>>> print(open('query.cif').read())   # mmCIF, C-alpha atoms
data_start
#
loop_
_atom_site.label_atom_id
_atom_site.label_comp_id
_atom_site.auth_asym_id
_atom_site.auth_seq_id
_atom_site.Cartn_x
_atom_site.Cartn_y
_atom_site.Cartn_z
CA MET A 107 -21.09 -40.61 14.42
CA LYS A 108 -21.00 -40.87 10.67
CA ARG A 109 -18.29 -39.01 8.82
CA LYS A 110 -20.82 -36.81 7.01
CA THR A 111 -22.37 -35.65 10.28
CA VAL A 112 -18.93 -34.73 11.62
CA PHE A 113 -18.16 -32.84 8.41
CA TRP A 114 -21.27 -30.66 8.68
CA ILE A 115 -20.81 -30.04 12.40
CA VAL A 116 -17.20 -28.90 11.87
CA LEU A 117 -18.09 -26.75 8.84
CA PHE A 118 -20.95 -24.99 10.62
CA ALA A 119 -18.94 -24.54 13.83
CA VAL A 120 -16.14 -22.85 11.87
CA LEU A 121 -18.59 -20.64 9.95
CA ALA A 122 -20.44 -19.64 13.12
CA ALA A 123 -17.16 -18.82 14.89
CA LEU A 124 -15.99 -16.75 11.89
CA GLY A 125 -19.29 -14.88 11.74
CA ALA A 126 -19.42 -14.15 15.45
CA GLY A 127 -15.72 -13.22 15.45
CA THR A 128 -16.06 -10.76 12.56
CA TYR A 129 -19.07 -9.22 14.23
CA LEU A 130 -17.41 -8.82 17.62
CA LEU A 131 -14.09 -7.55 16.24
CA ARG A 132 -15.80 -4.84 14.18
CA GLY A 133 -17.42 -3.28 17.21
CA GLY A 134 -14.77 -0.84 18.42
CA VAL A 135 -15.38 2.37 20.31
CA GLY A 136 -17.21 4.83 18.09
CA ARG A 137 -17.01 8.58 18.00
CA ARG A 138 -19.52 9.76 15.43
CA ALA A 139 -23.08 8.61 14.95
CA VAL A 140 -24.74 9.07 11.58
CA VAL A 141 -28.52 9.24 11.33
CA THR A 142 -29.80 8.18 7.91
CA VAL A 143 -33.36 8.42 6.62
CA ASP A 144 -34.31 6.64 3.39
CA GLY A 145 -30.60 6.23 2.54
CA GLU A 146 -29.92 9.98 2.82
CA PRO A 147 -27.72 11.35 5.65
CA TYR A 148 -29.97 13.28 8.03
CA ARG A 149 -27.69 14.35 10.82
CA THR A 150 -24.25 13.53 12.18
CA VAL A 151 -23.77 13.48 15.94
CA ASP A 152 -20.45 13.85 17.75
CA LEU A 153 -20.79 11.34 20.60
CA ALA A 154 -17.55 12.36 22.32
CA ALA A 155 -18.82 15.94 22.57
CA ALA A 156 -22.09 14.94 24.24
CA VAL A 157 -20.95 15.54 27.80
CA VAL A 158 -24.45 16.50 28.80
CA PRO A 159 -27.14 14.13 27.43
CA TYR A 160 -29.60 15.72 25.04
CA GLU A 161 -32.42 14.72 22.74
CA PHE A 162 -33.55 15.65 19.27
CA THR A 163 -36.47 14.52 17.16
CA VAL A 164 -36.21 13.18 13.64
CA GLU A 165 -39.46 14.04 11.92
CA THR A 166 -40.06 12.81 8.40
CA GLU A 167 -42.97 11.88 6.17
CA TYR A 168 -42.81 8.37 7.68
CA GLY A 169 -43.17 9.46 11.33
CA TRP A 170 -41.04 10.71 14.21
CA ASN A 171 -38.26 9.23 16.36
CA THR A 172 -36.85 10.95 19.41
CA VAL A 173 -33.12 10.28 19.57
CA ARG A 174 -31.28 10.56 22.89
CA VAL A 175 -27.56 11.23 22.85
CA SER A 176 -25.45 10.56 25.95
CA PRO A 177 -21.64 10.48 26.30
CA GLY A 178 -20.44 7.81 23.87
CA ALA A 179 -23.88 6.32 23.28
CA ILE A 180 -27.01 6.95 21.25
CA GLU A 181 -30.50 5.51 21.40
CA VAL A 182 -34.05 6.01 20.20
CA ALA A 183 -35.98 7.12 23.28
CA ASP A 184 -39.43 7.19 21.71
CA ALA A 185 -41.11 6.81 18.33
CA ASP A 186 -44.56 6.56 16.80
CA CYS A 187 -43.78 3.41 14.83
CA PRO A 188 -46.01 0.36 15.35
CA ASN A 189 -43.46 -2.14 16.69
CA HIS A 190 -40.98 0.01 18.69
CA ASP A 191 -38.10 -2.33 17.85
CA CYS A 192 -35.75 0.66 17.71
CA VAL A 193 -36.77 1.78 21.22
CA LYS A 194 -36.53 -1.71 22.68
CA GLN A 195 -33.01 -2.12 21.32
CA GLY A 196 -31.72 0.51 23.74
CA ALA A 197 -28.49 2.45 23.44
CA ILE A 198 -25.61 1.54 21.13
CA SER A 199 -22.04 2.62 21.71
CA ASP A 200 -20.08 0.80 19.01
CA GLY A 201 -20.23 0.00 15.32
CA ALA A 202 -21.31 -3.58 15.86
CA VAL A 203 -25.06 -3.19 15.33
CA PRO A 204 -26.90 -0.23 13.86
CA ILE A 205 -30.26 0.89 15.19
CA VAL A 206 -32.82 0.35 12.47
CA CYS A 207 -36.38 1.64 12.48
CA LEU A 208 -37.80 -0.10 9.45
CA PRO A 209 -41.22 1.57 9.31
CA HIS A 210 -39.53 5.00 9.27
CA LYS A 211 -36.59 3.92 7.09
CA LEU A 212 -34.30 5.32 9.78
CA VAL A 213 -30.82 3.96 10.49
CA ILE A 214 -28.40 5.10 13.19
CA GLU A 215 -24.84 3.90 12.77
CA ILE A 216 -21.68 4.61 14.69
CA GLU A 217 -18.54 5.27 12.71
CA GLU A 218 -15.05 4.76 14.02
CA MET B 70 -52.73 -40.32 3.19
CA SER B 71 -56.21 -39.49 1.95
CA LYS B 72 -57.02 -36.01 0.64
CA THR B 73 -59.19 -35.07 3.60
CA ARG B 74 -56.67 -36.42 6.07
CA LYS B 75 -53.95 -34.38 4.42
CA LEU B 76 -56.05 -31.20 4.46
CA VAL B 77 -56.82 -31.59 8.15
CA PHE B 78 -53.18 -32.31 8.91
CA MET B 79 -52.07 -29.20 7.01
CA ALA B 80 -54.63 -27.07 8.84
CA LEU B 81 -53.41 -28.43 12.17
CA LEU B 82 -49.80 -27.71 11.24
CA THR B 83 -50.73 -24.14 10.25
CA ALA B 84 -52.49 -23.58 13.58
CA LEU B 85 -49.52 -25.05 15.42
CA GLU B 86 -46.99 -22.91 13.57
CA LEU B 87 -49.06 -19.76 14.04
CA THR B 88 -49.39 -20.39 17.78
CA ILE B 89 -45.67 -20.99 18.20
CA TRP B 90 -44.89 -17.88 16.15
CA VAL B 91 -47.25 -15.62 18.13
CA ILE B 92 -46.02 -16.90 21.50
CA GLU B 93 -42.37 -16.60 20.52
CA GLY B 94 -43.00 -13.00 19.46
CA GLN B 95 -44.19 -12.19 22.99
CA ILE B 96 -40.99 -13.41 24.63
CA PRO B 97 -38.29 -10.73 24.80
CA ALA B 98 -35.21 -11.75 22.82
CA PRO B 99 -32.41 -13.02 25.08
CA ILE B 100 -29.82 -11.31 22.86
CA PRO B 101 -30.50 -7.58 22.30
CA VAL B 102 -29.63 -7.77 18.62
CA PRO B 103 -32.47 -7.12 16.17
CA GLY B 104 -33.12 -10.01 13.82
CA VAL B 105 -31.76 -12.65 16.16
CA LYS B 106 -34.48 -15.02 17.27
CA LEU B 107 -34.88 -18.75 17.64
CA GLY B 108 -37.49 -19.15 14.93
CA LEU B 109 -39.22 -22.11 16.56
CA ALA B 110 -42.07 -21.86 14.05
CA SER B 111 -39.74 -23.15 11.34
CA VAL B 112 -39.80 -26.55 13.07
CA VAL B 113 -43.33 -26.94 11.72
CA THR B 114 -42.47 -25.77 8.18
CA LEU B 115 -39.63 -28.25 7.92
CA THR B 116 -41.76 -31.03 9.40
CA ALA B 117 -44.47 -30.32 6.81
CA MET B 118 -41.86 -30.41 4.07
CA ALA B 119 -40.39 -33.73 5.20
CA LEU B 120 -43.75 -35.44 5.81
CA LEU B 121 -46.04 -33.95 3.13
CA GLY B 122 -43.92 -32.26 0.51
CA ARG B 123 -42.50 -28.96 -0.69
CA ARG B 124 -45.75 -27.46 -1.99
CA GLU B 125 -47.68 -28.34 1.16
CA ALA B 126 -44.95 -26.82 3.35
CA GLY B 127 -45.09 -23.67 1.22
CA CYS B 128 -48.87 -23.44 1.79
CA VAL B 129 -48.50 -23.87 5.56
CA LEU B 130 -45.74 -21.25 5.69
CA LEU B 131 -47.61 -18.74 3.53
CA MET B 132 -50.78 -19.12 5.59
CA ARG B 133 -48.77 -18.65 8.80
CA ILE B 134 -47.15 -15.46 7.43
CA VAL B 135 -50.46 -13.91 6.30
CA LEU B 136 -52.37 -14.94 9.45
CA GLY B 137 -49.38 -13.95 11.60
CA ALA B 138 -49.42 -10.44 10.16
CA LEU B 139 -53.14 -10.22 10.97
CA PHE B 140 -52.70 -11.58 14.49
CA ALA B 141 -49.70 -9.37 15.28
CA GLY B 142 -51.65 -6.39 14.00
CA SER B 143 -48.82 -4.88 11.99
CA PHE B 144 -48.84 -5.37 8.28
CA SER B 145 -45.67 -3.35 7.78
CA ALA B 146 -43.52 -6.30 8.78
CA ILE B 147 -45.10 -8.74 6.33
CA LEU B 148 -42.63 -7.78 3.59
CA PHE B 149 -39.78 -8.99 5.78
CA SER B 150 -41.60 -12.14 6.78
CA LEU B 151 -42.27 -12.88 3.13
CA ALA B 152 -38.69 -12.15 2.02
CA GLY B 153 -37.25 -14.37 4.77
CA GLY B 154 -39.87 -17.08 4.37
CA ALA B 155 -39.64 -17.26 0.58
CA LEU B 156 -35.86 -17.55 0.49
CA SER B 157 -35.81 -20.03 3.36
CA TRP B 158 -38.47 -22.18 1.66
CA ALA B 159 -36.68 -22.05 -1.71
CA VAL B 160 -33.35 -23.09 -0.17
CA MET B 161 -34.85 -25.96 1.85
CA ALA B 162 -37.02 -27.15 -1.06
CA GLY B 163 -33.97 -27.13 -3.30
CA ILE B 164 -31.67 -29.19 -1.08
CA LEU B 165 -34.13 -31.40 0.84
CA GLY B 166 -33.61 -34.34 -1.55
CA LEU B 167 -29.83 -34.18 -1.20
CA PHE B 168 -29.74 -35.12 2.47
CA PRO B 169 -30.83 -38.27 4.30
CA GLU B 170 -33.33 -37.76 7.10
CA LYS B 171 -30.60 -38.08 9.71
CA LEU B 172 -29.13 -34.86 8.32
CA LEU B 173 -32.41 -32.93 8.28
CA TRP B 174 -30.85 -30.39 10.64
CA VAL B 175 -28.34 -29.46 7.89
CA VAL B 176 -31.29 -28.57 5.61
CA SER B 177 -32.66 -26.49 8.49
CA VAL B 178 -29.37 -24.60 8.93
CA PHE B 179 -29.29 -23.69 5.24
CA GLY B 180 -32.94 -22.67 5.48
CA ALA B 181 -32.19 -20.42 8.45
CA ILE B 182 -29.28 -18.83 6.57
CA GLY B 183 -31.64 -18.23 3.64
CA HIS B 184 -34.23 -16.71 5.99
CA ASN B 185 -31.77 -14.26 7.53
CA LEU B 186 -30.29 -13.38 4.13
CA GLY B 187 -33.77 -12.65 2.78
CA GLN B 188 -34.60 -10.38 5.72
CA LEU B 189 -31.24 -8.62 5.44
CA LEU B 190 -31.76 -8.01 1.71
CA ALA B 191 -35.25 -6.65 2.35
CA ALA B 192 -34.03 -4.41 5.20
CA ALA B 193 -31.13 -3.06 3.12
CA ALA B 194 -33.49 -2.43 0.18
CA VAL B 195 -36.18 -0.68 2.25
CA THR B 196 -33.77 1.54 4.19
CA LYS B 197 -31.46 1.99 1.16
CA THR B 198 -28.55 1.39 3.52
CA PRO B 199 -26.11 -1.15 2.02
CA SER B 200 -23.87 -0.91 5.08
CA LEU B 201 -26.45 -3.06 6.87
CA PHE B 202 -24.65 -5.97 5.22
CA TRP B 203 -21.92 -5.56 7.83
CA TYR B 204 -24.48 -7.17 10.03
CA GLY B 205 -24.38 -10.31 7.85
CA PRO B 206 -21.70 -12.30 9.74
CA ALA B 207 -23.64 -11.97 13.01
CA LEU B 208 -26.82 -13.14 11.30
CA LEU B 209 -24.91 -16.05 9.73
CA ALA B 210 -23.66 -17.20 13.12
CA SER B 211 -27.11 -16.88 14.66
CA ALA B 212 -28.72 -18.73 11.73
CA ILE B 213 -26.34 -21.67 12.17
CA VAL B 214 -27.06 -22.03 15.87
CA THR B 215 -30.83 -21.51 15.68
CA GLY B 216 -31.15 -23.52 12.46
CA ALA B 217 -29.39 -26.53 13.95
CA PHE B 218 -31.61 -26.34 17.02
CA THR B 219 -34.92 -26.08 15.16
CA GLY B 220 -33.70 -28.67 12.63
CA LEU B 221 -33.09 -31.22 15.36
CA GLY B 222 -36.53 -30.40 16.72
CA ALA B 223 -38.09 -31.05 13.31
CA MET B 224 -36.13 -34.28 12.94
CA TYR B 225 -37.52 -35.75 16.16
CA LEU B 226 -41.02 -34.45 15.40
CA VAL B 227 -40.95 -36.11 11.95
CA ARG B 228 -39.83 -39.37 13.51
CA ALA B 229 -42.55 -39.27 16.18
CA LEU B 230 -45.30 -38.37 13.72
CA ARG B 231 -44.24 -41.11 11.27
CA SER B 232 -44.40 -43.83 13.88
CA TYR B 233 -47.73 -42.45 15.12
CA GLU B 234 -49.08 -42.41 11.58
CA THR B 235 -48.10 -46.04 10.87
CA LYS B 236 -49.64 -47.17 14.16
CA HIS B 237 -52.94 -45.30 13.81
CA THR B 238 -53.74 -45.24 10.11
CA PRO B 239 -57.16 -46.87 9.73
#
>>> encode(input="query.cif", output="structure tokens")
Amino acid sequence: MKRKTVFWIVLFAVLAALGAGTYLLRGGVGRRAVVTVDGEPYRTVDLAAAVVPYEFTVETEYGWNTVRVSPGAIEVADADCPNHDCVKQGAISDGAVPIVCLPHKLVIEIEE
Amino acid sequence: MSKTRKLVFMALLTALELTIWVIEGQIPAPIPVPGVKLGLASVVTLTAMALLGRREAGCVLLMRIVLGALFAGSFSAILFSLAGGALSWAVMAGILGLFPEKLLWVVSVFGAIGHNLGQLLAAAAVTKTPSLFWYGPALLASAIVTGAFTGLGAMYLVRALRSYETKHTP
């Protein structure tokens, strides 16, 4: 292999490893979930306190999302958005990836 | 390549890219992380850029995005497609001349990084949630892997089409 090819392979391998590493290391066990609509905090949920699973509905001018809270995890159970990406994502239990419902400008994040 | 031949070729590439894009959208993502997908359709964009030129690739990509939004039936996502597509195209168009054809996959990786960055910027702007940028490293890693894969695909496709073209040009 040419030296240039090796250079790019090594550079990209290191970058990919760094990116994946940062992403995986950040995802610790979360306690609080913050629901944000249009950049404004909508509701904060204590995940540790949710011994019994429950649901609540976020209804805004953009549409509605039904959020299901279970011990240590949170998910969007149903929504009237066109693509249902937020529902398909399933439950999150760490700060690694937020749930984002773009059509409704809704974000659910877990804080440490 | 004559004008008509070029037009037909561009139309074929658009149809090909649209088909790949629609079919890929129907396959559930193997990794349950939003925003992570292979992006096979970009093979066609990069092939168009290497064989025809930057402007022609831009046309093919833009047509795929507009038609794709129509075919998928949701226009709300077109903003993200456009943001990702525009940045990806700009990055690849800017650096294409700097790399020999053997390193076309490097151009593709940078294009994929541009695509994911564009979508992340659009998502952060629409939701007004800057903390979405924490998601950047994961998207960077995924862009490198998928970009290298689609770039290699484009490289072999360019090679095959070139040899076909020289053999069959009337």
>>> resolve_selection(input="query.cif", expression="the PyMOL selection byres ((chain A and resi 163) around 6)", output="list in words")
Phe162, Val164, Asn171, Thr172 and Val173 of chain A
>>> interface_residues(input="query.cif", of="chain B", to="chain A", cutoff="6 Å", atoms="only C-alpha atoms", output="number ranges by chain")
B: 196-198, 206-207, 210
>>> axis_aligned_box(input="query.cif", around="range 154-161 of chain B", padding_each_side="6 Å", output="AutoDock Vina command-line options")
--center_x -36.6 --center_y -21.5 --center_z 1.3 --size_x 18.5 --size_y 20.9 --size_z 18.1
>>> residues_around(input="query.cif", residues="range 91-94 of chain B", least_positions_apart="3", cutoff="10 Å", atoms="only C-alpha atoms", output="PyMOL selection string")
chain B and resi 86-88+97-98+106-110+133+137-138+140-141
>>> closest_residue(input="query.cif", among="A:Ala179, A:Ile198, A:Ala185, A:Leu153", to="Thr166 in chain A", atoms="only C-alpha atoms")
A:Ala185
>>> resolve_selection(input="query.cif", expression="the PyMOL selection byres ((chain B and resi 152-168) around 10)", output="VMD selection string")
chain B and resid 111 114 to 115 118 to 119 122 to 124 126 to 127 130 to 131 134 147 to 151 169 to 192
>>> atom_distance(input="query.cif", atom1="CA of Ser176 in chain A", atom2="CA of Glu161 in chain A")
8.7 Å
>>> closest_residue(input="query.cif", among="B:Met70, B:Val105, B:Leu230, B:Val129", to="Leu85 in chain B", atoms="all atoms listed in the file")
B:Val129
>>> atom_distance(input="query.cif", atom1="CA of Gly178 in chain A", atom2="CA of Pro199 in chain B")
24.3 Å
>>> atom_distance(input="query.cif", atom1="CA of Val175 in chain A", atom2="CA of Pro159 in chain A")
5.4 Å
>>> closest_residue(input="query.cif", among="B:Leu120, B:Leu139, B:Cys128, B:Ala194", to="Ala229 in chain B", atoms="all atoms listed in the file")
B:Leu120
>>> decode(input="query.cif", residues="range 138-192 of chain A", atoms="C-alpha atoms", output="PDB file, in the first residue's frame")
ATOM      1  CA  ARG A 138     -33.073  12.734  35.851  1.00  0.00           C
ATOM      2  CA  ALA A 139     -34.682  13.082  32.452  1.00  0.00           C
ATOM      3  CA  VAL A 140     -35.366  16.544  31.072  1.00  0.00           C
ATOM      4  CA  VAL A 141     -38.069  17.043  28.468  1.00  0.00           C
ATOM      5  CA  THR A 142     -37.449  20.113  26.310  1.00  0.00           C
ATOM      6  CA  VAL A 143     -39.802  21.630  23.743  1.00  0.00           C
ATOM      7  CA  ASP A 144     -38.515  24.290  21.356  1.00  0.00           C
ATOM      8  CA  GLY A 145     -35.442  24.785  23.577  1.00  0.00           C
ATOM      9  CA  GLU A 146     -37.556  25.500  26.680  1.00  0.00           C
ATOM     10  CA  PRO A 147     -37.596  23.035  29.617  1.00  0.00           C
ATOM     11  CA  TYR A 148     -41.034  21.406  29.698  1.00  0.00           C
ATOM     12  CA  ARG A 149     -40.808  18.887  32.484  1.00  0.00           C
ATOM     13  CA  THR A 150     -38.165  17.161  34.576  1.00  0.00           C
ATOM     14  CA  VAL A 151     -38.685  13.506  35.456  1.00  0.00           C
ATOM     15  CA  ASP A 152     -37.025  11.679  38.346  1.00  0.00           C
ATOM     16  CA  LEU A 153     -36.246   8.277  36.817  1.00  0.00           C
ATOM     17  CA  ALA A 154     -35.058   6.709  40.084  1.00  0.00           C
ATOM     18  CA  ALA A 155     -38.425   7.526  41.682  1.00  0.00           C
ATOM     19  CA  ALA A 156     -40.435   5.838  38.925  1.00  0.00           C
ATOM     20  CA  VAL A 157     -40.871   2.517  40.689  1.00  0.00           C
ATOM     21  CA  VAL A 158     -44.207   2.022  39.003  1.00  0.00           C
ATOM     22  CA  PRO A 159     -44.172   2.847  35.256  1.00  0.00           C
ATOM     23  CA  TYR A 160     -46.409   5.719  34.243  1.00  0.00           C
ATOM     24  CA  GLU A 161     -47.170   7.824  31.197  1.00  0.00           C
ATOM     25  CA  PHE A 162     -47.777  11.472  30.501  1.00  0.00           C
ATOM     26  CA  THR A 163     -48.564  13.354  27.323  1.00  0.00           C
ATOM     27  CA  VAL A 164     -46.655  16.351  26.049  1.00  0.00           C
ATOM     28  CA  GLU A 165     -49.112  18.433  24.070  1.00  0.00           C
ATOM     29  CA  THR A 166     -47.876  21.505  22.260  1.00  0.00           C
ATOM     30  CA  GLU A 167     -48.765  23.562  19.210  1.00  0.00           C
ATOM     31  CA  TYR A 168     -46.643  21.141  17.145  1.00  0.00           C
ATOM     32  CA  GLY A 169     -48.481  17.961  18.204  1.00  0.00           C
ATOM     33  CA  TRP A 170     -48.509  15.414  21.006  1.00  0.00           C
ATOM     34  CA  ASN A 171     -46.070  12.784  22.304  1.00  0.00           C
ATOM     35  CA  THR A 172     -46.949  10.243  24.948  1.00  0.00           C
ATOM     36  CA  VAL A 173     -43.926   9.683  27.168  1.00  0.00           C
ATOM     37  CA  ARG A 174     -43.609   6.470  29.171  1.00  0.00           C
ATOM     38  CA  VAL A 175     -41.441   6.472  32.277  1.00  0.00           C
ATOM     39  CA  SER A 176     -40.238   3.197  33.786  1.00  0.00           C
ATOM     40  CA  PRO A 177     -37.593   2.615  36.490  1.00  0.00           C
ATOM     41  CA  GLY A 178     -34.386   4.147  35.146  1.00  0.00           C
ATOM     42  CA  ALA A 179     -35.647   4.503  31.585  1.00  0.00           C
ATOM     43  CA  ILE A 180     -37.793   6.811  29.483  1.00  0.00           C
ATOM     44  CA  GLU A 181     -39.312   6.470  26.034  1.00  0.00           C
ATOM     45  CA  VAL A 182     -41.848   7.964  23.671  1.00  0.00           C
ATOM     46  CA  ALA A 183     -44.674   5.432  23.527  1.00  0.00           C
ATOM     47  CA  ASP A 184     -46.765   7.156  20.882  1.00  0.00           C
ATOM     48  CA  ALA A 185     -46.898  10.394  18.910  1.00  0.00           C
ATOM     49  CA  ASP A 186     -48.787  11.998  16.059  1.00  0.00           C
ATOM     50  CA  CYS A 187     -45.652  12.980  14.149  1.00  0.00           C
ATOM     51  CA  PRO A 188     -45.284  11.771  10.549  1.00  0.00           C
ATOM     52  CA  ASN A 189     -42.127   9.657  10.846  1.00  0.00           C
ATOM     53  CA  HIS A 190     -42.311   8.176  14.392  1.00  0.00           C
ATOM     54  CA  ASP A 191     -38.517   8.174  14.711  1.00  0.00           C
ATOM     55  CA  CYS A 192     -38.851   8.992  18.407  1.00  0.00           C
TER      56      CYS A 192
END
